[in-house]
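Novice: Below is the file coords_32.pdb, which contains PDB, C-alpha atoms.
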ATOM      1  CA  MET A   1      98.435 -52.303  -7.148
ATOM      2  CA  LYS A   2      99.859 -49.480  -5.070
ATOM      3  CA  VAL A   3      98.157 -49.572  -1.663
ATOM      4  CA  LEU A   4      98.446 -46.949   1.073
ATOM      5  CA  VAL A   5      98.055 -48.489   4.549
ATOM      6  CA  VAL A   6      97.276 -45.902   7.233
ATOM      7  CA  GLY A   7      97.842 -47.017  10.811
ATOM      8  CA  ALA A   8     100.459 -49.507   9.650
ATOM      9  CA  THR A   9     102.272 -49.729  12.998
ATOM     10  CA  GLY A  10      99.283 -50.968  15.004
ATOM     11  CA  THR A  11      98.356 -54.594  15.630
ATOM     12  CA  LEU A  12      95.867 -54.777  12.774
ATOM     13  CA  GLY A  13      97.862 -52.435  10.546
ATOM     14  CA  LYS A  14     100.919 -54.688  10.758
ATOM     15  CA  ALA A  15      98.826 -57.711   9.789
ATOM     16  CA  VAL A  16      97.279 -55.835   6.863
ATOM     17  CA  THR A  17     100.698 -54.651   5.698
ATOM     18  CA  THR A  18     102.158 -58.164   5.898
ATOM     19  CA  LEU A  19      99.276 -59.691   3.954
ATOM     20  CA  LEU A  20      99.100 -57.052   1.227
ATOM     21  CA  SER A  21     102.875 -56.698   0.778
ATOM     22  CA  ALA A  22     103.023 -60.196  -0.693
ATOM     23  CA  ARG A  23     100.740 -59.080  -3.525
ATOM     24  CA  HIS A  24     100.998 -55.316  -3.874
ATOM     25  CA  ASP A  25     103.295 -52.307  -3.610
ATOM     26  CA  VAL A  26     102.465 -51.133  -0.084
ATOM     27  CA  VAL A  27     103.190 -47.636   1.231
ATOM     28  CA  THR A  28     102.895 -47.382   5.021
ATOM     29  CA  ALA A  29     101.740 -44.387   7.041
ATOM     30  CA  SER A  30     101.163 -43.755  10.736
ATOM     31  CA  ARG A  31     101.252 -41.128  13.437
ATOM     32  CA  SER A  32     104.424 -42.635  14.890
ATOM     33  CA  GLY A  33     106.480 -41.765  11.823
ATOM     34  CA  LYS A  34     108.179 -45.200  11.845
ATOM     35  CA  THR A  35     106.724 -45.731   8.396
ATOM     36  CA  ASP A  36     107.204 -44.535   4.828
ATOM     37  CA  VAL A  37     105.272 -41.361   5.598
ATOM     38  CA  ALA A  38     103.941 -39.732   8.772
ATOM     39  CA  VAL A  39     100.295 -38.700   9.111
ATOM     40  CA  ASP A  40      97.928 -37.524  11.818
ATOM     41  CA  ILE A  41      94.419 -38.281  10.566
ATOM     42  CA  THR A  42      92.932 -35.768  13.028
ATOM     43  CA  ASP A  43      94.683 -32.967  11.089
ATOM     44  CA  PRO A  44      93.364 -32.314   7.554
ATOM     45  CA  ALA A  45      96.613 -30.557   6.610
ATOM     46  CA  SER A  46      98.596 -33.651   7.609
ATOM     47  CA  VAL A  47      96.288 -35.889   5.575
ATOM     48  CA  ALA A  48      96.628 -33.608   2.537
ATOM     49  CA  ALA A  49     100.426 -33.557   2.903
ATOM     50  CA  MET A  50     100.505 -37.360   3.073
ATOM     51  CA  TYR A  51      98.615 -37.693  -0.203
ATOM     52  CA  GLU A  52     100.865 -35.138  -1.897
ATOM     53  CA  GLN A  53     103.920 -37.092  -0.756
ATOM     54  CA  VAL A  54     102.588 -40.533  -1.690
ATOM     55  CA  GLY A  55     100.937 -39.539  -4.966
ATOM     56  CA  ARG A  56      98.595 -41.720  -6.982
ATOM     57  CA  VAL A  57      97.456 -44.979  -5.364
ATOM     58  CA  ASP A  58      95.027 -47.730  -6.272
ATOM     59  CA  ALA A  59      93.698 -48.274  -2.764
ATOM     60  CA  VAL A  60      93.685 -46.711   0.698
ATOM     61  CA  ALA A  61      93.391 -49.071   3.679
ATOM     62  CA  CYS A  62      92.919 -47.516   7.120
ATOM     63  CA  ALA A  63      93.557 -49.379  10.358
ATOM     64  CA  ALA A  64      93.897 -46.220  12.468
ATOM     65  CA  GLY A  65      91.651 -44.384  14.863
ATOM     66  CA  GLY A  66      91.433 -44.372  18.638
ATOM     67  CA  VAL A  67      88.580 -43.793  21.085
ATOM     68  CA  PRO A  68      88.411 -43.427  24.881
ATOM     69  CA  PHE A  69      86.789 -46.254  26.850
ATOM     70  CA  LYS A  70      84.836 -44.665  29.722
ATOM     71  CA  VAL A  71      81.325 -44.941  31.120
ATOM     72  CA  VAL A  72      79.064 -42.178  29.843
ATOM     73  CA  ALA A  73      78.908 -40.408  33.211
ATOM     74  CA  GLU A  74      82.705 -40.015  33.195
ATOM     75  CA  LEU A  75      83.071 -38.713  29.631
ATOM     76  CA  SER A  76      84.380 -35.200  29.227
ATOM     77  CA  HIS A  77      83.687 -33.021  26.219
ATOM     78  CA  ASP A  78      87.323 -33.566  25.220
ATOM     79  CA  ASP A  79      86.729 -37.339  25.261
ATOM     80  CA  ILE A  80      83.791 -36.936  22.900
ATOM     81  CA  ARG A  81      85.771 -34.643  20.604
ATOM     82  CA  SER A  82      88.702 -37.068  20.637
ATOM     83  CA  ALA A  83      86.542 -39.989  19.502
ATOM     84  CA  ALA A  84      84.870 -37.904  16.831
ATOM     85  CA  LEU A  85      88.037 -36.279  15.485
ATOM     86  CA  ASP A  86      90.119 -39.442  15.413
ATOM     87  CA  LYS A  87      88.286 -42.607  14.399
ATOM     88  CA  LEU A  88      85.216 -40.938  12.861
ATOM     89  CA  LEU A  89      86.120 -37.631  11.220
ATOM     90  CA  GLY A  90      89.737 -38.655  10.627
ATOM     91  CA  GLN A  91      88.662 -41.539   8.417
ATOM     92  CA  VAL A  92      86.070 -39.425   6.605
ATOM     93  CA  GLU A  93      88.861 -36.932   5.887
ATOM     94  CA  LEU A  94      91.014 -39.726   4.424
ATOM     95  CA  VAL A  95      88.265 -40.313   1.886
ATOM     96  CA  ARG A  96      87.447 -36.661   1.200
ATOM     97  CA  SER A  97      91.073 -35.660   0.710
ATOM     98  CA  GLY A  98      91.945 -38.835  -1.143
ATOM     99  CA  LEU A  99      89.371 -38.688  -3.923
ATOM    100  CA  ASP A 100      91.775 -37.086  -6.403
ATOM    101  CA  PHE A 101      94.623 -39.439  -5.474
ATOM    102  CA  VAL A 102      92.927 -42.829  -5.861
ATOM    103  CA  ALA A 103      92.934 -44.224  -9.394
ATOM    104  CA  ASP A 104      89.773 -45.053 -11.332
ATOM    105  CA  ASN A 105      88.067 -48.172  -9.957
ATOM    106  CA  GLY A 106      90.211 -47.959  -6.832
ATOM    107  CA  SER A 107      88.999 -48.343  -3.272
ATOM    108  CA  PHE A 108      88.918 -47.066   0.282
ATOM    109  CA  THR A 109      88.751 -49.509   3.197
ATOM    110  CA  LEU A 110      88.041 -48.061   6.652
ATOM    111  CA  ILE A 111      88.029 -49.642  10.122
ATOM    112  CA  THR A 112      85.083 -49.988  12.502
ATOM    113  CA  GLY A 113      84.412 -52.900  14.846
ATOM    114  CA  ILE A 114      81.913 -55.072  16.661
ATOM    115  CA  LEU A 115      80.701 -52.195  18.818
ATOM    116  CA  SER A 116      78.850 -50.776  15.843
ATOM    117  CA  GLY A 117      76.319 -53.546  16.486
ATOM    118  CA  GLU A 118      76.982 -54.799  20.018
ATOM    119  CA  SER A 119      77.354 -53.031  23.379
ATOM    120  CA  ILE A 120      79.795 -53.194  26.262
ATOM    121  CA  ARG A 121      80.315 -51.019  29.322
ATOM    122  CA  THR A 122      82.593 -48.044  28.497
ATOM    123  CA  GLY A 123      82.044 -48.590  24.758
ATOM    124  CA  SER A 124      79.743 -45.705  23.824
ATOM    125  CA  MET A 125      82.421 -43.684  22.034
ATOM    126  CA  ALA A 126      83.565 -46.706  20.044
ATOM    127  CA  SER A 127      79.948 -47.432  19.138
ATOM    128  CA  MET A 128      79.442 -43.827  18.056
ATOM    129  CA  ALA A 129      82.536 -43.781  15.850
ATOM    130  CA  ASN A 130      82.041 -47.268  14.412
ATOM    131  CA  GLY A 131      78.373 -46.734  13.665
ATOM    132  CA  GLY A 132      79.105 -43.373  12.077
ATOM    133  CA  ILE A 133      81.740 -44.833   9.771
ATOM    134  CA  ASP A 134      79.543 -47.772   8.766
ATOM    135  CA  ALA A 135      76.728 -45.340   7.896
ATOM    136  CA  PHE A 136      79.136 -43.067   6.017
ATOM    137  CA  VAL A 137      80.398 -46.020   3.977
ATOM    138  CA  ARG A 138      76.861 -46.984   2.936
ATOM    139  CA  ALA A 139      76.007 -43.441   1.900
ATOM    140  CA  ALA A 140      79.332 -42.548   0.258
ATOM    141  CA  ALA A 141      79.262 -45.690  -1.890
ATOM    142  CA  VAL A 142      76.452 -44.286  -4.036
ATOM    143  CA  GLU A 143      78.272 -40.974  -4.593
ATOM    144  CA  LEU A 144      81.904 -41.837  -5.242
ATOM    145  CA  PRO A 145      83.078 -40.968  -8.773
ATOM    146  CA  ARG A 146      85.057 -42.940 -11.385
ATOM    147  CA  GLY A 147      84.075 -46.398 -10.181
ATOM    148  CA  LEU A 148      85.657 -45.896  -6.755
ATOM    149  CA  ARG A 149      84.520 -48.347  -4.082
ATOM    150  CA  ILE A 150      84.363 -48.032  -0.290
ATOM    151  CA  ASN A 151      83.904 -50.581   2.504
ATOM    152  CA  SER A 152      84.567 -50.889   6.220
ATOM    153  CA  VAL A 153      86.146 -53.814   8.043
ATOM    154  CA  SER A 154      84.355 -54.604  11.303
ATOM    155  CA  PRO A 155      86.187 -57.181  13.431
ATOM    156  CA  THR A 156      85.417 -58.409  16.902
ATOM    157  CA  VAL A 157      88.137 -57.974  19.542
ATOM    158  CA  LEU A 158      91.556 -59.108  18.286
ATOM    159  CA  THR A 159      93.269 -62.102  19.857
ATOM    160  CA  GLU A 160      96.504 -60.114  20.127
ATOM    161  CA  SER A 161      94.707 -57.443  22.173
ATOM    162  CA  MET A 162      93.020 -59.726  24.699
ATOM    163  CA  ASP A 163      95.581 -59.057  27.443
ATOM    164  CA  ALA A 164      94.454 -55.441  27.467
ATOM    165  CA  TYR A 165      90.796 -55.821  26.498
ATOM    166  CA  ASP A 166      89.580 -59.180  27.864
ATOM    167  CA  SER A 167      87.726 -57.531  30.756
ATOM    168  CA  PHE A 168      86.085 -55.067  28.332
ATOM    169  CA  PHE A 169      84.754 -57.886  26.118
ATOM    170  CA  PRO A 170      83.633 -60.657  28.508
ATOM    171  CA  GLY A 171      82.666 -63.772  26.593
ATOM    172  CA  PHE A 172      83.365 -62.276  23.156
ATOM    173  CA  PRO A 173      85.290 -64.833  21.050
ATOM    174  CA  PRO A 174      88.385 -63.055  19.654
ATOM    175  CA  VAL A 175      89.720 -63.217  16.116
ATOM    176  CA  ASP A 176      93.351 -63.170  14.993
ATOM    177  CA  ALA A 177      94.560 -59.963  13.346
ATOM    178  CA  ALA A 178      95.684 -62.018  10.331
ATOM    179  CA  VAL A 179      92.089 -63.170   9.836
ATOM    180  CA  ALA A 180      90.759 -59.623  10.123
ATOM    181  CA  ALA A 181      93.365 -58.539   7.580
ATOM    182  CA  MET A 182      91.815 -60.881   5.032
ATOM    183  CA  ALA A 183      88.757 -58.625   4.941
ATOM    184  CA  TYR A 184      91.001 -55.797   3.722
ATOM    185  CA  ARG A 185      92.173 -57.970   0.849
ATOM    186  CA  ARG A 186      88.532 -58.808   0.081
ATOM    187  CA  SER A 187      87.651 -55.120   0.009
ATOM    188  CA  ILE A 188      90.650 -54.078  -2.098
ATOM    189  CA  GLU A 189      90.749 -56.912  -4.609
ATOM    190  CA  GLY A 190      87.030 -57.710  -4.730
ATOM    191  CA  VAL A 191      83.961 -56.004  -6.180
ATOM    192  CA  GLU A 192      81.873 -55.073  -3.137
ATOM    193  CA  THR A 193      81.085 -51.514  -2.129
ATOM    194  CA  GLY A 194      79.091 -49.864   0.629
ATOM    195  CA  ARG A 195      79.577 -52.886   2.879
ATOM    196  CA  ALA A 196      80.569 -53.390   6.497
ATOM    197  CA  LEU A 197      82.646 -56.562   6.244
ATOM    198  CA  ARG A 198      82.183 -58.292   9.600
ATOM    199  CA  VAL A 199      84.944 -60.528  10.937
ATOM    200  CA  GLY A 200      84.246 -62.914  13.805
ATOM    201  CA  TRP A 201      80.723 -61.804  14.610
TER     202      TRP A 201
END
What do you get writing this file as structure tokens?
Specialist:
Amino acid sequence: MKVLVVGATGTLGKAVTTLLSARHDVVTASRSGKTDVAVDITDPASVAAMYEQVGRVDAVACAAGGVPFKVVAELSHDDIRSAALDKLLGQVELVRSGLDFVADNGSFTLITGILSGESIRTGSMASMANGGIDAFVRAAAVELPRGLRINSVSPTVLTESMDAYDSFFPGFPPVDAAVAAMAYRRSIEGVETGRALRVGW
């Protein structure tokens, strides 16, 4: 299969790329541009240009999307817009723009996380984005044409990120990025749709 991995330069994206490259023809994309193609998922024109450049694929796997970590009282309107435009609306745009580029019976796999179901201080924007994507996946699964499938991967905090995020996730057992990447393979090569595939929680 030809698989487009968006966010391929991040911790999880690298693990997904490594795992899938052993089995599939992987095309990498990220905002950094140190990939096969550059894309900014907050910009619909950039997303459209990426699909035009890459062409037909069998699967889209997204490991991109950032959110600010601040307590609610310190959030600015720009913080809220940033979380919505990046991790939430950016991933929805990947699906909307990609419908004509993913082959029959292909798939979309998006990224959420444990904060769609659990809470931490400063995590409201992550919870908003993750919960929105999980709900979108459930609803979109019944509408996608041509046998297309859609799932989200929802890992707990990654082991590789604990130096930066340990204090944000006190007592949360971490999971290796390579383990979280397995859920992408499950989504792409399996039969499930409309699911939030939890990893480590």
Novice: Applying the PyMOL selection byres ((chain A and resi 34-43) around 9) to the file I just gave you, which residues come out? Please list them as a PyMOL selection string.
Specialist: chain A and resi 6-9+27-33+44-50+53-54+64-65+82+85-87+89-91+93-94
Novice: In Å to one decimal, how far is CA of Ser76 (chain A) from CA of Gly132 (chain A)?
Specialist: 19.7 Å
Novice: Which value, in Å to one decimal, gives the distance between CA of Leu115 (chain A) and CA of Leu4 (chain A)?
Specialist: 25.6 Å
Novice: Measuring between only C-alpha atoms, which one of A:Ala135, A:Arg81, A:Gly98, A:Leu197 shows the shortest distance to Tyr184 (chain A)?
Specialist: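 Going through A:Ala135, A:Arg81, A:Gly98, A:Leu197 one by one, the smallest distance to Tyr184 (chain A) is for A:Leu197.
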Novice: Enclose the full set of atoms of region 121-133 of chain A listed in the file within a box whose edges lie along x, y and z, apply 4 Å of padding to each of the six sides, and report centre and edge lengths in Å to one decimal as AutoDock Vina command-line options.
Specialist:
--center_x 81.0 --center_y -47.2 --center_z 19.5 --size_x 13.2 --size_y 15.6 --size_z 27.6
Novice: Using all atoms listed in the file, which residues sit within 6 Å of Gly147 (chain A) once same-chain residues fewer than 2 positions away are excluded, as a list in words?
Specialist: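 Those residues are Asp104, Asn105 and Pro145 of chain A.
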